[in-house]
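Below: one structure, written as structure tokens.
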Amino acid sequence: MTAMRSADDARLFAAKAGVTLDDEAARNAASATAVPLAEADKHSRALAFEAEPGQFAAYQQRCKR
Amino acid sequence: MSGDLALLSAAELARRIRGGTATSREAVEACLARIERLDGTLNAFIALDEEHARRSADLADAEAKRGRWHGPLHGVPLAHKDMYYREGRIATCGSKIRNEWVAPATATVLSRLDAAGALDLGTLNMAEFALGPTGHNWHHGHARNAWNPEHITGGSSSGSATGLAARMFYGTLGSDTGGSIRLPAHFCGVVGLKPSWGRVSRANAMPLSWTLDCVGPLTRTVEDNALIMSMIAGPDPLDPTAAEEPVPDYVAGLARGVQNLRIGVPTRFFTEAEAETLRLLAAAREVFARLGAVLIEVPIPDMEKVGAYFPMVMGPESATIHREWLRTRPGDYSAQVRARLEAGLTVPATFYLDALRARGPLLAEFTETVFSRCDILMVPAGMFPAPTVAESEITGGPDLVAKLTNFPRFTRVFNYLGLPGLTVPAGFTGSGLPVGMQLVGRPFDEATLLAAGHAYQQATEWHRKVPS
């Protein structure tokens with residue numbers, strides 16, 4: 001599981017995007033994302049193998065009145 | 001005469017202008033007088049162009065005299081959130097970074113309102129880059145609630161909602177990525193529609209999160225909302241995500257009423273609002289019942305799951321849009337906005353893509369669970385009425401994002417699901433703060449929401465109350 005766990009992880013991710021986080025910013029980013037990442041990870045495990053992004057407009061049409 | 005004109009709805013003003021009993025110039029003067037009196041406190045405007053407004057009004061009146069009518073909004077003064085580009089005009093997007101940025105093109109929605117004859121008074125305050133649910137803006141000053149300036153307006157369409165409540169203009173465009181139309185409408189006692197994702201073009205409007213962003217109107221009445229929607233909705237060659245779905249006549253559809261309309265009442269999640277909000281919504285349900293609607297308790301799918309996926313989409317998309325400025329101008333963001341954008345950098349690509357993979361199936365699950373039992377769902381727009389500016393000043397700390405999440409708890413889930421949501425004023429708390437209900441419908445079924453909201457407003461007086 002790759003969910004964010006530490007400020008070091010947050011700093012690393014941001015650095016890969018070319019953005020430098022200081023210690024406080026890294027701690028805050030890790031805190032902000034820790035719970036959402038864990039929650040999303042839990043739900044994503046039940047996703048269908050075949051599910052693809054980019055099909056939302058088709059679902060909208062299917063779900064119309 | 002001009003003082004009274006400011007209190008009219010957009011539709012009423014348009015009818016009077018067309019009937020020759022009011023002029024556009026009189027309406028503009030009525031608005032400018034209120035702006036002069038109130039905006040020093042409310043801070044709704046970022047840039048007001050009085051000279052242009054008067055010139056445009058005189059032109060509209062001259063054309064009216066010659067029988068040359070531009071459209072249903074001929075001569076009606078509007079003003080819009082400062083993120084809709086107009087060629088040659090500064091669009092600050094509520095930021096320091098774009099404080100002097102001149103737009104190279106005009107937003108499709110502004111062009112469509114221009115073609116309908118509407119006037120544009122100027123640009124309105126907003127959360128920095130539309131990223132903030134409270135209405136705080138540390139660059140242009142916080143917007144303040146017209147019902148009590150000690151309280152927040154909600155965001156991000158802060159100036160839109162408070163200026164409209166204060167009768168500074170007759171209608172306005174907001175944008176809604178997680179609740180930025182519906183929340184300020186709730187806090188400020190006006191009508192706000194977040195259309196279905198893809199219903200309204202986003203071309204040449206500032207992006208925040210392209211999967212979630214929606215453009216929609218805030219108005220004083222539901223009739224005005226239907227009128228503006230009829231002007232702005234529909235496909236646009238400049239925005240490939242604007243749906244080809246045919247646009248119904250929203251104004252004509254208002255007459256449908258709510259007889260036998262099945263209105264869903266949630267049994268969980270949306271029941272977690274504070275007590276006064278729930279009491280006002282219960283009273284609103286009684287109004288609908290008297291009008292002939294059928295109220296049905298409906299089960300609600302796992303909205304916590306939807307709420308968990310939302311930041312997996314908004315975080316990475318907004319961080320991607322802002323990445324270059326986060327690298328080169330991080331000090332030019334306010335602390336709150338910068339912290340939220342930086343958090344988005346830390347979401348792995350697989351999590352982002354999973355959130356997109358889950359979106360369609362979760363829409364199908366929600367639609368099957370809820371809309372197989374009812375035609376529209378009625379929920380609170382917000383968990384609570386407007387807090388004070390001071391108590392919602394959130395600028396840092398490890399719990400910053402968690403503190404802000406409660407504001408859009410009942411709105412952002414419908415951005416993720418792409419469903420339309422209409423906030424309609426439903427009354428006032430004991431301390432005089434507005435509370436809004438949120439009506440939610442199937443994809444592209446804005447017409448049913450507008451018909452229900454209009455029927456409610458025909459039976460109530462909340463939308464006629466004016467802040468003192």
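By order of appearance in the structure tokens: chains A, B, ..., then residues from 1 within every chain, and ligands from 1 in the order shown.
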Exercise for the section: Find the residues around Ala15 of chain A up to 12 Å (only C-alpha atoms counted), leave out those fewer than 2 positions away in its own chain, and share them as a ChimeraX atom specification. Expected result: /A:8-13,17-22,26 /B:323,326-327,342,345-346
Could you write out that same residue set with N, CA and C atoms as a JSON list (two decimals), in the first residue's frame?
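File written: result09.json
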```json
[["chain", "number", "residue", "atom", "x", "y", "z"],
["A", 8, "ASP", "N", 8.13, 12.73, 5.40],
["A", 8, "ASP", "CA", 9.18, 12.43, 4.41],
["A", 8, "ASP", "C", 8.58, 11.96, 3.10],
["A", 9, "ASP", "N", 7.54, 11.13, 3.21],
["A", 9, "ASP", "CA", 6.85, 10.68, 1.99],
["A", 9, "ASP", "C", 6.28, 11.88, 1.24],
["A", 10, "ALA", "N", 5.62, 12.78, 1.98],
["A", 10, "ALA", "CA", 5.00, 13.95, 1.35],
["A", 10, "ALA", "C", 6.07, 14.80, 0.67],
["A", 11, "ARG", "N", 7.18, 14.99, 1.35],
["A", 11, "ARG", "CA", 8.26, 15.82, 0.78],
["A", 11, "ARG", "C", 8.79, 15.18, -0.49],
["A", 12, "LEU", "N", 8.90, 13.85, -0.47],
["A", 12, "LEU", "CA", 9.41, 13.13, -1.64],
["A", 12, "LEU", "C", 8.46, 13.27, -2.83],
["A", 13, "PHE", "N", 7.19, 13.06, -2.56],
["A", 13, "PHE", "CA", 6.20, 13.20, -3.65],
["A", 13, "PHE", "C", 6.25, 14.60, -4.25],
["A", 17, "ALA", "N", 7.52, 16.29, -8.12],
["A", 17, "ALA", "CA", 6.77, 17.25, -8.95],
["A", 17, "ALA", "C", 7.51, 18.57, -9.06],
["A", 18, "GLY", "N", 8.70, 18.64, -8.47],
["A", 18, "GLY", "CA", 9.50, 19.85, -8.58],
["A", 18, "GLY", "C", 9.19, 20.90, -7.54],
["A", 19, "VAL", "N", 8.41, 20.55, -6.53],
["A", 19, "VAL", "CA", 8.01, 21.53, -5.51],
["A", 19, "VAL", "C", 8.70, 21.19, -4.19],
["A", 20, "THR", "N", 9.30, 22.19, -3.59],
["A", 20, "THR", "CA", 10.00, 21.98, -2.32],
["A", 20, "THR", "C", 9.08, 22.29, -1.15],
["A", 21, "LEU", "N", 8.93, 21.33, -0.25],
["A", 21, "LEU", "CA", 8.14, 21.55, 0.96],
["A", 21, "LEU", "C", 9.08, 21.68, 2.15],
["A", 22, "ASP", "N", 8.86, 22.70, 2.99],
["A", 22, "ASP", "CA", 9.64, 22.75, 4.22],
["A", 22, "ASP", "C", 9.05, 21.76, 5.23],
["A", 26, "ALA", "N", 5.47, 19.86, 4.84],
["A", 26, "ALA", "CA", 5.47, 18.42, 4.60],
["A", 26, "ALA", "C", 4.63, 17.70, 5.65],
["B", 323, "ARG", "N", 0.95, 23.64, -10.40],
["B", 323, "ARG", "CA", 2.30, 23.14, -10.09],
["B", 323, "ARG", "C", 3.39, 24.15, -10.40],
["B", 326, "LEU", "N", 3.43, 26.80, -7.87],
["B", 326, "LEU", "CA", 3.90, 26.27, -6.58],
["B", 326, "LEU", "C", 5.42, 26.17, -6.58],
["B", 327, "ARG", "N", 6.00, 25.94, -7.76],
["B", 327, "ARG", "CA", 7.47, 25.88, -7.87],
["B", 327, "ARG", "C", 8.08, 27.27, -7.83],
["B", 342, "GLU", "N", -0.59, 22.00, -2.00],
["B", 342, "GLU", "CA", 0.57, 21.13, -1.75],
["B", 342, "GLU", "C", 0.13, 19.72, -1.36],
["B", 345, "LEU", "N", -0.32, 17.41, -4.23],
["B", 345, "LEU", "CA", 0.88, 16.86, -4.89],
["B", 345, "LEU", "C", 1.23, 15.47, -4.39],
["B", 346, "THR", "N", 0.71, 15.10, -3.25],
["B", 346, "THR", "CA", 1.16, 13.87, -2.60],
["B", 346, "THR", "C", 0.23, 12.68, -2.85]]
```
Exercise for the section: May I have all residues of segment 141-276 of chain B that DSSP, computed from the backbone, assigns to strand (DSSP E or B), given as number ranges by chain? Expected result: B: 145, 148, 151, 171-176, 191-194, 200, 205, 214-219, 233, 236, 239, 262-266
May I have the selected residues written with N, CA and C atoms, as a short mmCIF file (atom, residue, chain, number, x, y, z; two decimals), in the first residue's frame?
```cif
data_model
loop_
_atom_site.label_atom_id
_atom_site.label_comp_id
_atom_site.auth_asym_id
_atom_site.auth_seq_id
_atom_site.Cartn_x
_atom_site.Cartn_y
_atom_site.Cartn_z
N ASN B 145 -21.03 38.64 5.02
CA ASN B 145 -22.41 38.23 4.80
C ASN B 145 -23.37 39.42 4.91
N ASN B 148 -25.41 39.60 8.12
CA ASN B 148 -24.66 39.96 9.31
C ASN B 148 -23.18 39.94 8.96
N HIS B 151 -20.39 37.54 9.93
CA HIS B 151 -20.43 36.14 9.51
C HIS B 151 -19.90 35.99 8.09
N GLY B 171 -28.28 39.22 -10.85
CA GLY B 171 -27.93 37.82 -11.05
C GLY B 171 -26.44 37.74 -11.29
N THR B 172 -25.88 36.54 -11.19
CA THR B 172 -24.43 36.40 -11.23
C THR B 172 -24.05 34.96 -11.57
N LEU B 173 -22.88 34.80 -12.16
CA LEU B 173 -22.36 33.46 -12.37
C LEU B 173 -21.39 33.11 -11.26
N GLY B 174 -21.53 31.90 -10.74
CA GLY B 174 -20.54 31.36 -9.82
C GLY B 174 -19.91 30.13 -10.46
N SER B 175 -19.05 29.49 -9.74
CA SER B 175 -18.51 28.20 -10.18
C SER B 175 -18.54 27.27 -8.98
N ASP B 176 -18.62 25.97 -9.26
CA ASP B 176 -18.84 25.01 -8.17
C ASP B 176 -18.02 23.75 -8.44
N VAL B 191 -30.60 31.85 -4.31
CA VAL B 191 -30.74 30.61 -5.07
C VAL B 191 -29.44 30.33 -5.82
N GLY B 192 -28.98 29.09 -5.80
CA GLY B 192 -27.76 28.74 -6.52
C GLY B 192 -27.88 27.37 -7.15
N LEU B 193 -27.57 27.28 -8.44
CA LEU B 193 -27.65 26.00 -9.15
C LEU B 193 -26.28 25.54 -9.61
N LYS B 194 -25.87 24.36 -9.15
CA LYS B 194 -24.75 23.67 -9.77
C LYS B 194 -25.34 22.70 -10.78
N VAL B 200 -23.00 23.08 -18.78
CA VAL B 200 -22.66 24.46 -19.15
C VAL B 200 -21.18 24.53 -19.51
N ALA B 205 -13.16 30.01 -18.69
CA ALA B 205 -13.37 30.23 -17.26
C ALA B 205 -12.18 29.59 -16.55
N CYS B 214 -18.07 23.06 -12.35
CA CYS B 214 -19.34 23.37 -13.02
C CYS B 214 -19.57 24.87 -12.95
N VAL B 215 -20.12 25.42 -14.00
CA VAL B 215 -20.51 26.83 -14.06
C VAL B 215 -22.01 26.92 -13.86
N GLY B 216 -22.47 27.86 -13.02
CA GLY B 216 -23.91 27.98 -12.83
C GLY B 216 -24.30 29.33 -12.26
N PRO B 217 -25.59 29.64 -12.29
CA PRO B 217 -26.06 30.95 -11.83
C PRO B 217 -26.46 30.99 -10.36
N LEU B 218 -26.23 32.13 -9.74
CA LEU B 218 -26.83 32.49 -8.46
C LEU B 218 -27.81 33.63 -8.73
N THR B 219 -28.98 33.53 -8.15
CA THR B 219 -30.03 34.49 -8.42
C THR B 219 -30.87 34.70 -7.16
N ALA B 233 -26.75 27.35 -20.99
CA ALA B 233 -26.56 25.89 -21.09
C ALA B 233 -26.42 25.46 -22.55
N ASP B 236 -20.79 23.51 -26.71
CA ASP B 236 -19.91 24.62 -27.08
C ASP B 236 -18.69 24.05 -27.79
N ASP B 239 -15.49 23.98 -25.81
CA ASP B 239 -15.35 23.12 -24.63
C ASP B 239 -15.85 21.72 -24.98
N ARG B 262 -42.33 12.96 -6.54
CA ARG B 262 -41.83 12.18 -5.40
C ARG B 262 -40.51 12.80 -4.92
N ILE B 263 -40.55 13.33 -3.71
CA ILE B 263 -39.37 13.98 -3.14
C ILE B 263 -38.76 13.05 -2.08
N GLY B 264 -37.52 12.67 -2.29
CA GLY B 264 -36.84 11.76 -1.39
C GLY B 264 -36.33 12.47 -0.14
N VAL B 265 -36.53 11.84 0.98
CA VAL B 265 -36.03 12.35 2.26
C VAL B 265 -34.97 11.38 2.76
N PRO B 266 -33.74 11.84 2.98
CA PRO B 266 -32.66 10.90 3.32
C PRO B 266 -32.83 10.30 4.72
#
```
Completion exercise
Expressed in Å, the length from atom CA of Ile181 of chain B to atom CA of Gly154 of chain B is 8.9 Å
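Take atom CA of His140 of chain B and atom CA of Ala335 of chain B: the distance between them is 14.4 Å.
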Exercise for the section: Would you list the contacts of segment 31-38 of chain A as a ChimeraX atom specification, taking every protein, DNA or RNA residue within 12 Å and counting only C-alpha atoms, but skipping same-chain residues closer than 6 positions in sequence? Expected result: /A:1-10,24-25,44-45 /B:304-316,336,339-352,354-355,396-405
Restricting it to N, CA and C atoms, dump the selection as a short mmCIF file (atom, residue, chain, number, x, y, z; two decimals), in the first residue's frame.
```cif
data_model
loop_
_atom_site.label_atom_id
_atom_site.label_comp_id
_atom_site.auth_asym_id
_atom_site.auth_seq_id
_atom_site.Cartn_x
_atom_site.Cartn_y
_atom_site.Cartn_z
N MET A 1 0.85 -1.19 0.00
CA MET A 1 0.00 0.00 0.00
C MET A 1 0.88 1.24 0.00
N THR A 2 0.56 2.16 -0.90
CA THR A 2 1.42 3.32 -1.06
C THR A 2 0.85 4.57 -0.41
N ALA A 3 -0.16 4.40 0.42
CA ALA A 3 -0.76 5.59 1.04
C ALA A 3 0.28 6.36 1.84
N MET A 4 0.06 7.67 1.90
CA MET A 4 1.02 8.54 2.57
C MET A 4 1.07 8.28 4.06
N ARG A 5 2.25 8.15 4.61
CA ARG A 5 2.34 7.87 6.04
C ARG A 5 3.17 8.92 6.79
N SER A 6 4.09 9.57 6.10
CA SER A 6 4.99 10.43 6.84
C SER A 6 5.25 11.73 6.08
N ALA A 7 5.79 12.68 6.81
CA ALA A 7 6.17 13.94 6.19
C ALA A 7 7.26 13.71 5.14
N ASP A 8 8.13 12.73 5.40
CA ASP A 8 9.18 12.43 4.41
C ASP A 8 8.58 11.96 3.10
N ASP A 9 7.54 11.13 3.21
CA ASP A 9 6.85 10.68 1.99
C ASP A 9 6.28 11.88 1.24
N ALA A 10 5.62 12.78 1.98
CA ALA A 10 5.00 13.95 1.35
C ALA A 10 6.07 14.80 0.67
N GLU A 24 7.36 21.98 8.03
CA GLU A 24 5.97 22.16 8.45
C GLU A 24 5.01 21.84 7.31
N ALA A 25 5.32 22.32 6.12
CA ALA A 25 4.45 22.05 4.97
C ALA A 25 4.37 20.56 4.70
N SER A 44 -11.08 1.27 -2.96
CA SER A 44 -10.60 0.91 -4.30
C SER A 44 -10.35 -0.59 -4.44
N ARG A 45 -10.14 -1.26 -3.33
CA ARG A 45 -9.88 -2.70 -3.41
C ARG A 45 -11.08 -3.47 -3.94
N GLU B 304 -19.84 8.21 2.46
CA GLU B 304 -18.48 8.35 2.97
C GLU B 304 -17.47 7.89 1.91
N LYS B 305 -17.86 6.88 1.15
CA LYS B 305 -17.00 6.41 0.07
C LYS B 305 -16.85 7.52 -0.99
N VAL B 306 -17.98 8.13 -1.33
CA VAL B 306 -17.95 9.22 -2.32
C VAL B 306 -17.08 10.36 -1.79
N GLY B 307 -17.25 10.66 -0.50
CA GLY B 307 -16.47 11.73 0.11
C GLY B 307 -14.98 11.41 0.17
N ALA B 308 -14.65 10.14 0.23
CA ALA B 308 -13.24 9.74 0.26
C ALA B 308 -12.60 9.89 -1.12
N TYR B 309 -13.37 9.62 -2.16
CA TYR B 309 -12.81 9.73 -3.51
C TYR B 309 -12.66 11.18 -3.97
N PHE B 310 -13.54 12.06 -3.47
CA PHE B 310 -13.52 13.45 -3.94
C PHE B 310 -12.13 14.09 -3.87
N PRO B 311 -11.45 14.03 -2.71
CA PRO B 311 -10.12 14.69 -2.67
C PRO B 311 -9.07 13.98 -3.51
N MET B 312 -9.31 12.72 -3.84
CA MET B 312 -8.37 12.01 -4.71
C MET B 312 -8.42 12.56 -6.14
N VAL B 313 -9.54 13.24 -6.48
CA VAL B 313 -9.67 13.85 -7.80
C VAL B 313 -9.27 15.33 -7.72
N MET B 314 -9.88 16.03 -6.80
CA MET B 314 -9.65 17.48 -6.74
C MET B 314 -8.20 17.81 -6.38
N GLY B 315 -7.62 17.05 -5.46
CA GLY B 315 -6.25 17.34 -5.02
C GLY B 315 -5.26 17.29 -6.17
N PRO B 316 -5.15 16.17 -6.85
CA PRO B 316 -4.16 16.09 -7.94
C PRO B 316 -4.45 17.03 -9.11
N GLN B 336 -3.53 29.17 3.48
CA GLN B 336 -4.54 28.11 3.38
C GLN B 336 -4.55 27.47 1.99
N ALA B 339 -1.37 25.42 1.26
CA ALA B 339 -1.35 24.14 1.97
C ALA B 339 -2.26 23.11 1.30
N ARG B 340 -3.42 23.56 0.85
CA ARG B 340 -4.34 22.62 0.20
C ARG B 340 -3.79 22.15 -1.14
N LEU B 341 -3.18 23.05 -1.89
CA LEU B 341 -2.61 22.65 -3.18
C LEU B 341 -1.43 21.71 -2.98
N GLU B 342 -0.59 22.00 -2.00
CA GLU B 342 0.57 21.13 -1.75
C GLU B 342 0.13 19.72 -1.36
N ALA B 343 -0.95 19.62 -0.61
CA ALA B 343 -1.43 18.29 -0.24
C ALA B 343 -1.79 17.48 -1.48
N GLY B 344 -2.30 18.16 -2.50
CA GLY B 344 -2.68 17.46 -3.73
C GLY B 344 -1.51 16.86 -4.46
N LEU B 345 -0.32 17.41 -4.23
CA LEU B 345 0.88 16.86 -4.89
C LEU B 345 1.23 15.47 -4.39
N THR B 346 0.71 15.10 -3.25
CA THR B 346 1.16 13.87 -2.60
C THR B 346 0.23 12.68 -2.85
N VAL B 347 -0.74 12.85 -3.73
CA VAL B 347 -1.65 11.75 -4.05
C VAL B 347 -1.05 10.93 -5.21
N PRO B 348 -0.84 9.64 -5.01
CA PRO B 348 -0.26 8.81 -6.09
C PRO B 348 -1.20 8.74 -7.28
N ALA B 349 -0.62 8.57 -8.46
CA ALA B 349 -1.41 8.51 -9.70
C ALA B 349 -2.43 7.37 -9.65
N THR B 350 -2.08 6.25 -9.05
CA THR B 350 -3.01 5.12 -9.00
C THR B 350 -4.26 5.47 -8.19
N PHE B 351 -4.08 6.29 -7.16
CA PHE B 351 -5.24 6.68 -6.35
C PHE B 351 -6.15 7.63 -7.14
N TYR B 352 -5.52 8.53 -7.87
CA TYR B 352 -6.29 9.45 -8.72
C TYR B 352 -7.09 8.66 -9.76
N ASP B 354 -7.96 5.50 -9.71
CA ASP B 354 -9.00 4.69 -9.08
C ASP B 354 -10.24 5.54 -8.79
N ALA B 355 -10.01 6.78 -8.36
CA ALA B 355 -11.16 7.66 -8.08
C ALA B 355 -11.94 7.96 -9.35
N GLY B 396 -3.67 27.40 8.92
CA GLY B 396 -2.55 26.47 8.97
C GLY B 396 -2.79 25.35 9.96
N GLY B 397 -1.75 24.56 10.15
CA GLY B 397 -1.81 23.46 11.10
C GLY B 397 -2.16 22.15 10.42
N PRO B 398 -1.86 21.04 11.10
CA PRO B 398 -2.06 19.72 10.50
C PRO B 398 -3.52 19.35 10.26
N ASP B 399 -4.44 20.06 10.94
CA ASP B 399 -5.85 19.72 10.77
C ASP B 399 -6.59 20.70 9.87
N LEU B 400 -5.84 21.48 9.09
CA LEU B 400 -6.44 22.51 8.24
C LEU B 400 -7.47 21.92 7.28
N VAL B 401 -7.07 20.89 6.55
CA VAL B 401 -7.97 20.31 5.55
C VAL B 401 -9.19 19.67 6.23
N ALA B 402 -8.94 18.98 7.34
CA ALA B 402 -10.06 18.34 8.05
C ALA B 402 -11.07 19.37 8.52
N LYS B 403 -10.59 20.52 9.02
CA LYS B 403 -11.50 21.57 9.49
C LYS B 403 -12.37 22.12 8.35
N LEU B 404 -11.76 22.24 7.18
CA LEU B 404 -12.49 22.81 6.06
C LEU B 404 -13.46 21.82 5.43
N THR B 405 -13.24 20.53 5.65
CA THR B 405 -14.04 19.51 4.98
C THR B 405 -15.50 19.51 5.41
#
```
